[in-house]
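Worksheet for the structure shown next.
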Number of protein chains: 2
Amino acid sequence: MSAAEPKPVSIFDVAKLAGVSHQTVSRVINDAPMVADATRAKVKAAIAELGYRPNRSARALAGGAVRSVTVLTTDTSLYGTAETLRGIEDAARAAGFTILVSVLDPDQDYTEADVLGRLPHDGAPAIVIAHDETTTGAMQVLQRKQAGATVATGGEHLDIEQHADDWLVSLDDRTVAARATRYLLSMGHATVHYLAIPSKANRQAGWAEALADAGIEAPEVVHSGWTVGSAYEAALELVADPEVTAILCGNDDLAFGVLYAAHRADRSVPGDLSVIGFDDSPLAAYHVPPLTTVDLDFRGVGRGAFELLRQKLEGGSHPRPTWRSPELIVRETSGPPGRR
Amino acid sequence: MSAAEPKPVSIFDVAKLAGVSHQTVSRVINDAPMVADATRAKVKAAIAELGYRPNRSARALAGGAVRSVTVLTTDTSLYGTAETLRGIEDAARAAGFTILVSVLDPDQDYTEADVLGRLPHDGAPAIVIAHDETTTGAMQVLQRKQAGATVATGGEHLDIEQHADDWLVSLDDRTVAARATRYLLSMGHATVHYLAIPSKANRQAGWAEALADAGIEAPEVVHSGWTVGSAYEAALELVADPEVTAILCGNDDLAFGVLYAAHRADRSVPGDLSVIGFDDSPLAAYHVPPLTTVDLDFRGVGRGAFELLRQKLEGGSHPRPTWRSPELIVRETSGPPGRR
DNA sequence: GAGCGAACCGTGAGCGCTAACATTCGGTGG
DNA sequence: CCACCGAATGTTAGCGCTCACGGTTCGCTC
């Protein structure tokens with residue numbers, strides 16, 4: 001062909017061209033002080049001329065500042081995960097950080113070594129987006145071994161709560177779940193059913209709590225997978241039961257599945273059946289009818305996780321990052337029961 | 001605190017414990033032949049005991065096999081992008097590769113240096129998920145400069161078609177777009193309108209082509225953003241016009257927006273209006289009514305992109321990867337016009 | 001039993017970079 | 001006018017690993 005393996009231009013090439021030492025070049029590319037303006041300009045010119053770009057591996061090896069974060073997660077195509085990742089990315093991009101994504105397989109059992117092996121090196125900064133047991137495990141490993149440089153995000157209930165503020169960033173979906181349940185009860189529903197996502201049980205706990213507070217015995221939880229299809233299947237039975245007038249769903253996708261099942265069963269929403277989701281995914285407001293759901297600021301939380309991590313890395317005491325609190329958004333899939 | 005900066009255990013530590021040279025350890029961790037079974041076992045034991053894990057940066061620096069791929073993309077929360085990424089991830093995970101995700105800002109203008117600067121080093125393997133001008137630009141840069149190790153994926157029409165087979169992986173959405181349009185025409189619609197995504201115009205081209213073939217003058221294209229909300233806004237006018245009986249939408253999200261607009265305008269689907277989307281997103285089949293759309297195997301394409309790249313990296317002549325061809329899935333949002 | 005080639009293992013160098021120290025040089029004050 | 005200082009630059013070492021060799025050791029052949 002052509003294009004003989006080209007020049008991997010290094011810091012030394014630049015140094016030679018600029019007539020300085022390689023260290024001076026290093027200083028320039030790292031914006032260190034103690035470099036005369038004239039020299040700096042010369043070096044920059046040489047860099048431009050040669051098209052030099054620093055080698056990240058070498059940098060990392062030599063112990064320079066890190067500038068990269070590994071994100072551990074399972075399914076990047078779930079809305080919550082994707083949005084959280086997006087938040088992390090946005091913040092990372094703004095800060096000039098690179099992100100590495102390492103996807104864990106939920107069907108696999110990871111040892112500590114497996115988890116750590118996914119980091120570029122010992123003690124490398126990482127964020128885990130925690131949803132289920134797989135990522136929760138990873139999170140625990142990191143918290144135990146990573147000496148500070150770890151932040152996890154996600155709304156799960158964990159066994160490790162001590163000093164959680166230092167490294168755990170999460171959305172209080174438990175409280176809103178209770179609030180949503182209470183709202184349904186206040187509309188006059190005798191009870192509220194729960195269709196669960198395959199994930200640890202924050203939302204479910206909030207639901208159960210609200211029912212308990214109201215002195216209502218919680219109906220049996222129905223379990224669904226992550227897909228709309230599985231929610232549809234799982235909801236068939238619920239929807240066929242006229243006693244069921246309100247269903248709280250683990251997320252919007254499940255709610256859509258339930259809505260479809262209701263439609264097929266000829267039950268009108270919200271006349272016969274109220275449905276509430278979680279996430280306020282982009283479609284929720286434009287569904288027919290528009291879905292009552294809970295706004296969860298995943299992007300904000302992702303951003304927050306990154307900011308927190310960066311603070312630990314670079315010291316400094318910026319204010320703790322904030323984001324929107326979960327909020328119930330009442331639209332048209334919920335209302336009083338039995339107005340048929 | 002506690003946890004004094006722990007042991008960064010290196011290959012030498014392992015070597016000492018196992019009573020061999022560091023090179024032998026290297027051989028073991030790289031599964032090289034020419035190591036006696038007994039030695040191998042000893043080394044492995046030492047590795048386990050010390051909890052040794054290779055440092056990726058050092059490995060990369062020393063010129064070992066790569067095992068990591070940079071993915072360049074813009075919006076990871078779009079369905080197509082997310083699924084493609086997922087396909088890449090799946091394949092990468094199976095092959096033991098790490099993936100680095102670098103998100104480009106569509107509002108920014110990237111120079112060649114900017115794009116290359118996102119790679120860990122010169123000539124590092126990369127995949128770009130191409131949608132719009134931003135990523136297309138990145139793709140061109142890579143193709144020009146990366147000496148082989150580049151594969152791009154996406155369904156865009158590009159100026160660089162030579163030898164495209166070697167590095168371009170894509171879905172032929174243009175042809176299905178034409179097919180979908182012809183299907184609508186065959187149902188008796190006088191014409192088909194197109195609601196465009198903000199992306200280069202493959203699908204639009206297919207639509208225009210089909211209309212031209214049928215001797216129909218293409219109505220003006222209506223432009224939408226990526227969100228359901230923007231599609232809703234954009235569709236308001238179309239939907240108010242009783243002459244409009246069929247709308248082909250750039251993707252499913254836009255179709256949902258149109259459906260919602262139709263609902264608000266009291267136009268029945270598919271009685272008054274036929275709507276077709278693209279992507280076959282998970283919700284499409286469970287929408288009310290279920291959406292006629294085009295199945296696009298983004299995951300397959302992602303997997304394919306990775307496989308192709310791996311072949312270039314490791315030589316070998318595996319069969320060229322394959323995936324499902326785009327296919328029109330007729331559900332309930334399309335049919336003959338005017339059956340009110 | 002000399003000769004020879006595998007099989008196995010060790011030694012040195014160096015990837016591109018940064019940290020830490022050493023050096024130079026033009027002032028400045030006593 | 002010389003010791004002394006600090007800003008600007010150079011020198012040396014080494015991060016953890018792999019590559020390209022160079023040595024051993026062994027089992028066979030003739």
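Labels for the structure tokens follow display order: chains A, B, ..., residues from 1 in each chain, ligands from 1.
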Pull out every residue of chain C that has at least one atom within 7 Å of chain B, counting only C-alpha atoms (C1' of nucleotides), and report them as a tab-separated table (two decimals) with N, CA and C atoms (P, O5', C5', C4', C3', O3' and C1' of nucleotides), in the first residue's frame.
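To be explicit, this is the file written out as iface-v3.tsv:
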chain	number	residue	atom	x	y	z
C	7	DA	P	10.20	-27.33	20.58
C	7	DA	O5'	10.56	-27.06	22.11
C	7	DA	C5'	10.68	-28.17	22.98
C	7	DA	C4'	11.17	-27.69	24.32
C	7	DA	C3'	10.29	-26.59	24.91
C	7	DA	O3'	9.93	-27.00	26.24
C	7	DA	C1'	12.56	-25.95	24.97
C	8	DC	P	8.87	-26.18	27.04
C	8	DC	O5'	9.80	-25.15	27.80
C	8	DC	C5'	10.60	-25.64	28.89
C	8	DC	C4'	11.60	-24.62	29.27
C	8	DC	C3'	11.05	-23.37	29.94
C	8	DC	O3'	11.25	-23.53	31.34
C	8	DC	C1'	12.93	-22.92	28.55
C	10	DG	P	14.07	-17.33	35.01
C	10	DG	O5'	15.22	-16.44	34.37
C	10	DG	C5'	16.57	-16.86	34.51
C	10	DG	C4'	17.50	-15.91	33.78
C	10	DG	C3'	17.42	-14.46	34.26
C	10	DG	O3'	18.74	-14.00	34.52
C	10	DG	C1'	17.12	-14.58	31.89
C	15	DC	P	13.00	4.43	22.90
C	15	DC	O5'	11.41	4.45	22.82
C	15	DC	C5'	10.70	3.43	22.13
C	15	DC	C4'	9.34	3.28	22.78
C	15	DC	C3'	8.76	4.61	23.24
C	15	DC	O3'	7.84	5.05	22.23
C	15	DC	C1'	8.56	2.89	24.95
Item to check | At most 6 Å to chain B: residues in chain A, only C-alpha atoms, as a PyMOL selection string | outcome: chain A and resi 55-58+61+77+82+99-101+120-121+260+286
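Proximity of A:Val192, A:Ile129, A:Ala38, A:Ile88 to chain D, computed with only C-alpha atoms (C1' of nucleotides), is greatest for A:Ala38.
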Next on the checklist: Using only C-alpha atoms (C1' of nucleotides), I'd like every residue of chain D that has an atom within 10 Å of chain B; please write them out as an NGL selection string.
Outcome noted: :D and (15-19)
May I have the residues within 8 Å of Pro326 of chain B as a short mmCIF file (atom, residue, chain, number, x, y, z; two decimals) with N, CA and C atoms, in the first residue's frame, using only C-alpha atoms (C1' of nucleotides) and disregarding those fewer than 4 positions away in the same chain?
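What landed in part.cif:
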data_model
loop_
_atom_site.label_atom_id
_atom_site.label_comp_id
_atom_site.auth_asym_id
_atom_site.auth_seq_id
_atom_site.Cartn_x
_atom_site.Cartn_y
_atom_site.Cartn_z
N LEU B 171 -25.74 0.52 7.67
CA LEU B 171 -27.07 -0.02 7.43
C LEU B 171 -27.64 0.69 6.21
N ASP B 172 -28.23 -0.06 5.32
CA ASP B 172 -28.76 0.58 4.13
C ASP B 172 -30.16 1.12 4.39
N ASP B 173 -30.21 2.23 5.10
CA ASP B 173 -31.52 2.77 5.44
C ASP B 173 -32.14 3.52 4.27
N VAL B 176 -34.48 0.96 2.41
CA VAL B 176 -35.74 0.72 3.11
C VAL B 176 -36.61 1.93 3.15
N VAL B 294 -39.26 0.59 10.91
CA VAL B 294 -38.24 -0.17 10.21
C VAL B 294 -37.27 -0.75 11.21
N ASP B 295 -37.09 -2.03 11.15
CA ASP B 295 -36.14 -2.68 12.04
C ASP B 295 -34.73 -2.37 11.56
N LEU B 296 -33.92 -1.78 12.43
CA LEU B 296 -32.54 -1.49 12.06
C LEU B 296 -31.64 -2.15 13.10
N ASP B 297 -30.79 -3.01 12.65
CA ASP B 297 -29.98 -3.80 13.57
C ASP B 297 -28.73 -3.05 14.02
#
Checklist entry - Can you tell me, as a PyMOL selection string, what residues are no more than 10 Å from DA20 of chain C when counting only C-alpha atoms (C1' of nucleotides), ignoring any on the same chain fewer than 2 positions away? => result (chain C and resi 18+22) or (chain D and resi 12-13)
Based on the selection just made, write N, CA and C atoms (P, O5', C5', C4', C3', O3' and C1' of nucleotides) of those residues as an mmCIF file, in the first residue's frame.
data_model
loop_
_atom_site.group_PDB
_atom_site.id
_atom_site.type_symbol
_atom_site.label_atom_id
_atom_site.label_comp_id
_atom_site.auth_asym_id
_atom_site.auth_seq_id
_atom_site.Cartn_x
_atom_site.Cartn_y
_atom_site.Cartn_z
ATOM 1 P P DT C 18 4.333 14.844 30.503
ATOM 2 O "O5'" DT C 18 4.880 14.458 31.951
ATOM 3 C "C5'" DT C 18 4.091 13.640 32.788
ATOM 4 C "C4'" DT C 18 4.833 13.381 34.081
ATOM 5 C "C3'" DT C 18 5.153 14.617 34.903
ATOM 6 O "O3'" DT C 18 4.904 14.296 36.257
ATOM 7 C "C1'" DT C 18 7.141 13.415 34.479
ATOM 8 P P DA C 22 20.940 17.757 43.755
ATOM 9 O "O5'" DA C 22 21.355 18.242 42.301
ATOM 10 C "C5'" DA C 22 21.805 17.274 41.357
ATOM 11 C "C4'" DA C 22 22.239 17.987 40.094
ATOM 12 C "C3'" DA C 22 23.243 19.124 40.337
ATOM 13 O "O3'" DA C 22 24.211 19.072 39.300
ATOM 14 C "C1'" DA C 22 21.321 19.979 39.251
ATOM 15 P P DT D 12 23.309 13.725 32.526
ATOM 16 O "O5'" DT D 12 22.358 12.938 33.531
ATOM 17 C "C5'" DT D 12 22.455 13.217 34.929
ATOM 18 C "C4'" DT D 12 21.405 12.430 35.698
ATOM 19 C "C3'" DT D 12 21.278 10.954 35.309
ATOM 20 O "O3'" DT D 12 21.445 10.190 36.485
ATOM 21 C "C1'" DT D 12 19.142 11.983 35.374
ATOM 22 P P DA D 13 21.464 8.624 36.448
ATOM 23 O "O5'" DA D 13 19.978 8.266 36.925
ATOM 24 C "C5'" DA D 13 19.531 8.762 38.165
ATOM 25 C "C4'" DA D 13 18.062 8.490 38.364
ATOM 26 C "C3'" DA D 13 17.633 7.029 38.182
ATOM 27 O "O3'" DA D 13 16.843 6.703 39.303
ATOM 28 C "C1'" DA D 13 16.239 8.455 36.896
#
Checklist entry - Can you list, as a ChimeraX atom specification, every residue of segment 187-340 of chain A that DSSP puts in strand (DSSP E or B)? => result /A:193-196,222-223,246-249,274-276,279,292-295,327-329
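Between atom CA of Trp323 of chain B and atom CA of Arg303 of chain B lies a distance of 8.6 Å.
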